[in-house]
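Peer 1: One file: work_32.cif (mmCIF, C-alpha atoms).
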```
data_data
#
loop_
_atom_site.group_PDB
_atom_site.id
_atom_site.type_symbol
_atom_site.label_atom_id
_atom_site.label_comp_id
_atom_site.auth_asym_id
_atom_site.auth_seq_id
_atom_site.Cartn_x
_atom_site.Cartn_y
_atom_site.Cartn_z
ATOM 1 C CA MET Z 1 -63.481 54.297 -31.184
ATOM 2 C CA ASN Z 2 -62.927 58.044 -30.681
ATOM 3 C CA ARG Z 3 -60.489 58.650 -27.876
ATOM 4 C CA HIS Z 4 -59.289 61.831 -26.256
ATOM 5 C CA TYR Z 5 -55.509 61.691 -25.845
ATOM 6 C CA ILE Z 6 -53.700 63.801 -23.296
ATOM 7 C CA ALA Z 7 -51.117 66.262 -24.577
ATOM 8 C CA VAL Z 8 -47.618 64.998 -23.853
ATOM 9 C CA PRO Z 9 -44.986 67.776 -23.916
ATOM 10 C CA GLY Z 10 -42.335 67.680 -26.634
ATOM 11 C CA ALA Z 11 -42.226 65.513 -29.721
ATOM 12 C CA GLY Z 12 -40.087 62.559 -28.657
ATOM 13 C CA THR Z 13 -41.013 59.047 -27.600
ATOM 14 C CA HIS Z 14 -40.846 58.172 -23.908
ATOM 15 C CA GLU Z 15 -39.451 54.819 -22.806
ATOM 16 C CA LEU Z 16 -41.550 53.006 -20.213
ATOM 17 C CA PRO Z 17 -40.404 50.046 -18.107
ATOM 18 C CA PRO Z 18 -40.829 46.611 -19.689
ATOM 19 C CA LEU Z 19 -44.032 44.732 -18.960
ATOM 20 C CA LEU Z 20 -42.892 41.514 -17.267
ATOM 21 C CA VAL Z 21 -45.688 38.993 -17.705
ATOM 22 C CA ARG Z 22 -45.761 36.231 -15.138
ATOM 23 C CA THR Z 23 -47.657 33.210 -16.336
ATOM 24 C CA ILE Z 24 -48.914 30.101 -14.632
ATOM 25 C CA PRO Z 25 -46.793 27.038 -15.353
ATOM 26 C CA GLU Z 26 -48.024 24.846 -18.206
ATOM 27 C CA ASP Z 27 -48.043 21.865 -15.861
ATOM 28 C CA ALA Z 28 -49.857 23.699 -13.039
ATOM 29 C CA SER Z 29 -50.654 20.312 -11.534
ATOM 30 C CA ARG Z 30 -53.664 19.897 -13.793
ATOM 31 C CA GLU Z 31 -54.126 16.392 -12.452
ATOM 32 C CA GLU Z 32 -54.422 17.699 -8.888
ATOM 33 C CA LEU Z 33 -56.817 20.453 -10.006
ATOM 34 C CA VAL Z 34 -59.060 17.896 -11.729
ATOM 35 C CA GLU Z 35 -59.055 15.823 -8.506
ATOM 36 C CA ARG Z 36 -60.066 18.856 -6.452
ATOM 37 C CA ALA Z 37 -62.672 19.833 -9.049
ATOM 38 C CA THR Z 38 -64.060 16.283 -8.840
ATOM 39 C CA GLU Z 39 -64.565 16.807 -5.107
ATOM 40 C CA ILE Z 40 -66.460 20.037 -5.843
ATOM 41 C CA VAL Z 41 -68.655 18.226 -8.373
ATOM 42 C CA GLU Z 42 -69.343 15.487 -5.793
ATOM 43 C CA THR Z 43 -70.104 17.793 -2.852
ATOM 44 C CA GLU Z 44 -72.315 20.154 -4.828
ATOM 45 C CA ASP Z 45 -74.318 17.316 -6.395
ATOM 46 C CA MET Z 46 -73.871 18.726 -9.887
ATOM 47 C CA VAL Z 47 -74.868 15.416 -11.466
ATOM 48 C CA GLU Z 48 -77.825 13.606 -9.956
ATOM 49 C CA GLY Z 49 -78.966 10.073 -10.551
ATOM 50 C CA ILE Z 50 -77.956 6.534 -9.890
ATOM 51 C CA GLU Z 51 -74.196 6.015 -10.113
ATOM 52 C CA SER Z 52 -73.571 4.578 -13.543
ATOM 53 C CA GLU Z 53 -70.886 4.715 -16.200
ATOM 54 C CA ILE Z 54 -72.701 7.688 -17.779
ATOM 55 C CA THR Z 55 -72.869 9.706 -14.529
ATOM 56 C CA VAL Z 56 -69.216 8.917 -13.750
ATOM 57 C CA HIS Z 57 -68.270 10.144 -17.229
ATOM 58 C CA ARG Z 58 -70.417 13.292 -16.800
ATOM 59 C CA LYS Z 59 -68.816 14.042 -13.440
ATOM 60 C CA LEU Z 60 -65.355 13.676 -14.934
ATOM 61 C CA ASP Z 61 -66.288 15.976 -17.841
ATOM 62 C CA LEU Z 62 -67.608 18.575 -15.387
ATOM 63 C CA ALA Z 63 -64.491 18.290 -13.234
ATOM 64 C CA ILE Z 64 -62.227 18.762 -16.257
ATOM 65 C CA HIS Z 65 -64.273 21.761 -17.393
ATOM 66 C CA LEU Z 66 -64.188 23.215 -13.854
ATOM 67 C CA ALA Z 67 -60.398 22.775 -13.715
ATOM 68 C CA ASP Z 68 -60.079 24.522 -17.115
ATOM 69 C CA GLN Z 69 -62.225 27.412 -15.867
ATOM 70 C CA TYR Z 70 -60.015 27.705 -12.804
ATOM 71 C CA LEU Z 71 -56.822 27.644 -14.892
ATOM 72 C CA GLY Z 72 -58.343 30.496 -16.927
ATOM 73 C CA LEU Z 73 -58.928 32.414 -13.706
ATOM 74 C CA LEU Z 74 -55.287 31.837 -12.670
ATOM 75 C CA CYS Z 75 -54.024 32.955 -16.065
ATOM 76 C CA HIS Z 76 -56.090 36.153 -15.964
ATOM 77 C CA TRP Z 77 -55.024 36.858 -12.378
ATOM 78 C CA ALA Z 78 -51.325 36.416 -13.265
ATOM 79 C CA TRP Z 79 -51.666 38.804 -16.216
ATOM 80 C CA GLY Z 80 -53.562 41.304 -14.062
ATOM 81 C CA ASP Z 81 -50.915 41.145 -11.359
ATOM 82 C CA SER Z 82 -48.222 41.746 -13.992
ATOM 83 C CA VAL Z 83 -50.091 44.755 -15.400
ATOM 84 C CA ILE Z 84 -50.691 46.267 -11.937
ATOM 85 C CA GLU Z 85 -46.968 45.937 -11.153
ATOM 86 C CA TRP Z 86 -46.107 47.479 -14.550
ATOM 87 C CA ILE Z 87 -48.387 50.434 -13.814
ATOM 88 C CA ARG Z 88 -46.544 50.957 -10.518
ATOM 89 C CA GLN Z 89 -43.231 50.957 -12.397
ATOM 90 C CA CYS Z 90 -44.668 53.416 -14.938
ATOM 91 C CA GLU Z 91 -45.697 55.723 -12.083
ATOM 92 C CA ILE Z 92 -42.087 55.790 -10.882
ATOM 93 C CA THR Z 93 -40.944 56.581 -14.445
ATOM 94 C CA PHE Z 94 -43.488 59.401 -14.766
ATOM 95 C CA GLU Z 95 -42.485 60.828 -11.361
ATOM 96 C CA SER Z 96 -38.805 60.906 -12.343
ATOM 97 C CA SER Z 97 -39.459 62.742 -15.616
ATOM 98 C CA GLY Z 98 -40.116 66.479 -15.548
ATOM 99 C CA ALA Z 99 -42.026 66.227 -18.847
ATOM 100 C CA LEU Z 100 -44.353 63.480 -17.574
ATOM 101 C CA ARG Z 101 -44.677 64.214 -13.851
ATOM 102 C CA HIS Z 102 -47.706 66.505 -14.161
ATOM 103 C CA LEU Z 103 -49.663 63.949 -16.247
ATOM 104 C CA LEU Z 104 -50.427 61.698 -13.259
ATOM 105 C CA SER Z 105 -52.386 63.111 -10.359
ATOM 106 C CA PRO Z 106 -51.014 61.876 -7.031
ATOM 107 C CA ASP Z 107 -53.628 59.850 -5.218
ATOM 108 C CA VAL Z 108 -54.236 56.680 -3.319
ATOM 109 C CA TRP Z 109 -53.213 53.575 -5.243
ATOM 110 C CA PRO Z 110 -54.763 52.142 -7.365
ATOM 111 C CA HIS Z 111 -56.054 55.414 -8.722
ATOM 112 C CA ALA Z 112 -58.764 54.909 -11.315
ATOM 113 C CA ALA Z 113 -57.101 57.187 -13.872
ATOM 114 C CA ARG Z 114 -54.357 54.568 -14.117
ATOM 115 C CA SER Z 115 -56.711 52.605 -16.377
ATOM 116 C CA SER Z 116 -55.205 54.751 -19.145
ATOM 117 C CA PHE Z 117 -52.154 52.464 -18.913
ATOM 118 C CA VAL Z 118 -54.380 49.451 -19.615
ATOM 119 C CA ASP Z 119 -55.795 51.338 -22.599
ATOM 120 C CA LEU Z 120 -52.222 52.012 -23.740
ATOM 121 C CA LEU Z 121 -51.553 48.260 -23.722
ATOM 122 C CA LEU Z 122 -54.698 47.733 -25.813
ATOM 123 C CA ASP Z 123 -53.761 50.548 -28.223
ATOM 124 C CA LYS Z 124 -50.304 49.013 -28.634
ATOM 125 C CA HIS Z 125 -51.889 45.611 -29.428
ATOM 126 C CA VAL Z 126 -49.859 43.770 -26.798
ATOM 127 C CA PRO Z 127 -50.242 40.019 -27.492
ATOM 128 C CA THR Z 128 -52.029 38.396 -24.556
ATOM 129 C CA ARG Z 129 -52.632 34.842 -25.810
ATOM 130 C CA GLY Z 130 -56.386 35.105 -25.342
ATOM 131 C CA VAL Z 131 -56.348 36.957 -22.017
ATOM 132 C CA ALA Z 132 -58.750 39.907 -21.862
ATOM 133 C CA LEU Z 133 -56.761 42.697 -20.195
ATOM 134 C CA ASP Z 134 -59.777 44.362 -18.591
ATOM 135 C CA ARG Z 135 -60.829 41.034 -17.036
ATOM 136 C CA ALA Z 136 -57.247 40.327 -15.996
ATOM 137 C CA VAL Z 137 -56.854 43.637 -14.172
ATOM 138 C CA GLY Z 138 -60.366 43.279 -12.741
ATOM 139 C CA MET Z 139 -59.454 39.839 -11.421
ATOM 140 C CA ARG Z 140 -56.339 41.262 -9.754
ATOM 141 C CA LEU Z 141 -58.309 44.192 -8.314
ATOM 142 C CA THR Z 142 -60.808 41.687 -6.886
ATOM 143 C CA PHE Z 143 -58.294 39.214 -5.434
ATOM 144 C CA ARG Z 144 -54.989 40.234 -3.836
ATOM 145 C CA GLN Z 145 -53.929 36.600 -4.168
ATOM 146 C CA PRO Z 146 -55.460 34.031 -6.522
ATOM 147 C CA PRO Z 147 -58.135 32.124 -4.602
ATOM 148 C CA PRO Z 148 -57.625 28.374 -4.264
ATOM 149 C CA ILE Z 149 -60.000 26.277 -6.350
ATOM 150 C CA ASP Z 150 -61.637 25.013 -3.122
ATOM 151 C CA CYS Z 151 -62.865 28.568 -2.406
ATOM 152 C CA CYS Z 152 -64.651 28.815 -5.751
ATOM 153 C CA SER Z 153 -68.115 27.422 -6.156
ATOM 154 C CA ASN Z 154 -68.987 25.779 -9.439
ATOM 155 C CA GLN Z 155 -71.383 28.681 -10.146
ATOM 156 C CA PHE Z 156 -68.587 31.193 -9.691
ATOM 157 C CA LEU Z 157 -66.254 29.392 -12.061
ATOM 158 C CA PHE Z 158 -68.906 28.665 -14.688
ATOM 159 C CA PHE Z 159 -70.866 31.911 -14.673
ATOM 160 C CA LEU Z 160 -69.538 34.686 -12.481
ATOM 161 C CA ASN Z 161 -65.774 34.900 -12.726
ATOM 162 C CA GLY Z 162 -65.769 36.748 -16.070
ATOM 163 C CA ARG Z 163 -68.620 39.048 -15.136
ATOM 164 C CA LEU Z 164 -67.168 39.827 -11.705
ATOM 165 C CA ALA Z 165 -63.748 40.682 -13.116
ATOM 166 C CA GLY Z 166 -65.230 42.796 -15.929
ATOM 167 C CA THR Z 167 -67.475 44.705 -13.525
ATOM 168 C CA ALA Z 168 -64.591 45.300 -11.099
ATOM 169 C CA TYR Z 169 -62.483 46.771 -13.886
ATOM 170 C CA GLU Z 170 -65.285 48.954 -15.292
ATOM 171 C CA THR Z 171 -66.099 50.305 -11.828
ATOM 172 C CA TRP Z 172 -62.437 51.091 -11.164
ATOM 173 C CA ALA Z 173 -61.876 52.698 -14.579
ATOM 174 C CA GLN Z 174 -64.954 54.936 -14.323
ATOM 175 C CA MET Z 175 -64.237 56.226 -10.798
ATOM 176 C CA SER Z 176 -62.084 59.052 -12.124
ATOM 177 C CA PRO Z 177 -63.323 62.114 -14.004
ATOM 178 C CA ASP Z 178 -60.107 61.830 -16.034
ATOM 179 C CA SER Z 179 -60.876 58.275 -17.139
ATOM 180 C CA SER Z 180 -61.715 59.481 -20.655
ATOM 181 C CA ALA Z 181 -58.154 60.791 -21.172
ATOM 182 C CA HIS Z 182 -55.764 58.317 -22.778
ATOM 183 C CA LEU Z 183 -52.016 58.121 -23.285
ATOM 184 C CA PRO Z 184 -51.107 58.549 -26.964
ATOM 185 C CA PRO Z 185 -49.619 55.200 -28.080
ATOM 186 C CA ASP Z 186 -47.194 56.767 -30.545
ATOM 187 C CA ARG Z 187 -45.500 58.743 -27.738
ATOM 188 C CA PHE Z 188 -44.604 55.755 -25.554
ATOM 189 C CA HIS Z 189 -42.466 52.677 -26.095
ATOM 190 C CA PHE Z 190 -41.971 49.604 -23.937
ATOM 191 C CA GLU Z 191 -41.086 45.962 -24.340
ATOM 192 C CA VAL Z 192 -43.082 42.941 -23.209
ATOM 193 C CA HIS Z 193 -41.290 39.931 -21.715
ATOM 194 C CA ASN Z 194 -42.988 36.678 -20.773
ATOM 195 C CA LEU Z 195 -41.456 35.232 -17.628
ATOM 196 C CA ASP Z 196 -41.484 31.458 -17.468
ATOM 197 C CA GLN Z 197 -42.011 30.195 -13.933
ATOM 198 C CA ASN Z 198 -41.135 26.596 -14.769
#
```
Turn the structure described in the file into structure tokens.
Peer 2:
Amino acid sequence: MNRHYIAVPGAGTHELPPLLVRTIPEDASREELVERATEIVETEDMVEGIESEITVHRKLDLAIHLADQYLGLLCHWAWGDSVIEWIRQCEITFESSGALRHLLSPDVWPHAARSSFVDLLLDKHVPTRGVALDRAVGMRLTFRQPPPIDCCSNQFLFFLNGRLAGTAYETWAQMSPDSSAHLPPDRFHFEVHNLDQN
């Protein structure tokens, strides 16, 4: 991919704040989520037919799959929230540096040109454990707080959550005429720390 990188004054490397990744707990009450997903499966009549061992098994499979989809949403939201907070910290760093201050145009947060920080994470190959950063940030831009599973229809969790998050991110990233300008990855350094909420 051909990218246009902005010219950063000087020749040194600039230190950015660490990216502190908040994750959902491994034991995010999966049992409770499956119970709530079972209620969604029941109320939305996702499996029709006479109650039998097969339909009970199908409903349980759907509930487990629904709970997994929701856990994926939570994981993406947590990553997106971490990235948005990191971008805010980077803005403070840029503002306090005479060499970097002019690179960010002051505007209402979250300014679309800040998507260059997401691109920097991608260019630096930050390990995300299967989380798509664009979807993660899109999820956070869409929801200020992660929605409870009860607010999500089965259609949203099965079909729309990825598309919605991706579209939100693309719309945000393309709102700025400067969205084609990227931060050169060799000129910036930062550490990534996974915060365990358990």
Peer 1: Step by step, work through what the PyMOL selection byres ((chain Z and resi 94-102) around 12) selects in the shown file, and finish by giving those residues as a list in words.
Peer 2: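 Selected by the PyMOL selection byres ((chain Z and resi 94-102) around 12) in this file: Ile6, Ala7, Val8, Pro9, Gly10, Ala11, Gly12, Thr13, His14, Glu15, Leu16, Pro17, Ile87, Arg88, Gln89, Cys90, Glu91, Ile92, Thr93, Leu103, Leu104, Ser105, Pro106, Arg114, Phe117, Leu183, Arg187 and Phe188 of chain Z.
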Peer 1: Find the distance between atom CA of Z:Gly72 and atom CA of Z:Arg129 and write it in Å to one decimal.
Peer 2: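 Taking atom CA of Z:Gly72 as the start and atom CA of Z:Arg129 as the end point, the length is 11.4 Å.
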Peer 1: I need the output of the PyMOL selection byres ((chain Z and resi 185) around 10) for this file as a list of chain:residue names; which residues are they?
Peer 2: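 Here the PyMOL selection byres ((chain Z and resi 185) around 10) matches Z:Tyr5, Z:Thr13, Z:Phe117, Z:Asp119, Z:Leu120, Z:Leu121, Z:Leu122, Z:Asp123, Z:Lys124, Z:His125, Z:His182, Z:Leu183, Z:Pro184, Z:Asp186, Z:Arg187, Z:Phe188, Z:His189.
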Peer 1: Take atom CA of Z:Ile40 and atom CA of Z:Asp150 and report the distance between them in Å, one decimal.
Peer 2: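 One can read the atom CA of Z:Ile40 to atom CA of Z:Asp150 distance as 7.4 Å.
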Peer 1: Apply the PyMOL selection byres ((chain Z and resi 78) around 10) to the structure shown and report the selected residues as a list in words.
Peer 2: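 Those residues are Val21, Arg22, Thr23, Ile24, Gly72, Leu73, Leu74, Cys75, His76, Trp77, Trp79, Gly80, Asp81, Ser82, Val83, Ile84, Ala136, Val137, Met139, Arg140, Gln145 and Pro146 of chain Z.
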Peer 1: In Å to one decimal, how far is atom CA of Z:Leu33 from atom CA of Z:Ala63?
Peer 2: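 Atom CA of Z:Leu33 lies at a distance of 8.6 Å from atom CA of Z:Ala63.
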Peer 1: Nearest to Z:Arg135 among Z:Ser116, Z:Leu160, Z:Ala168, Z:Leu62, with distances taken over all atoms listed in the file: which residue is it?
Peer 2: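 The answer is Z:Ala168, which sits nearest to Z:Arg135.
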Peer 1: Which residues come within 12 Å of Z:Glu39, counting only C-alpha atoms, excluding same-chain residues fewer than 6 positions away, as a ChimeraX atom specification?
Peer 2: /Z:32-33,45-46,59-60,62-64,66-67,149-150,153-154
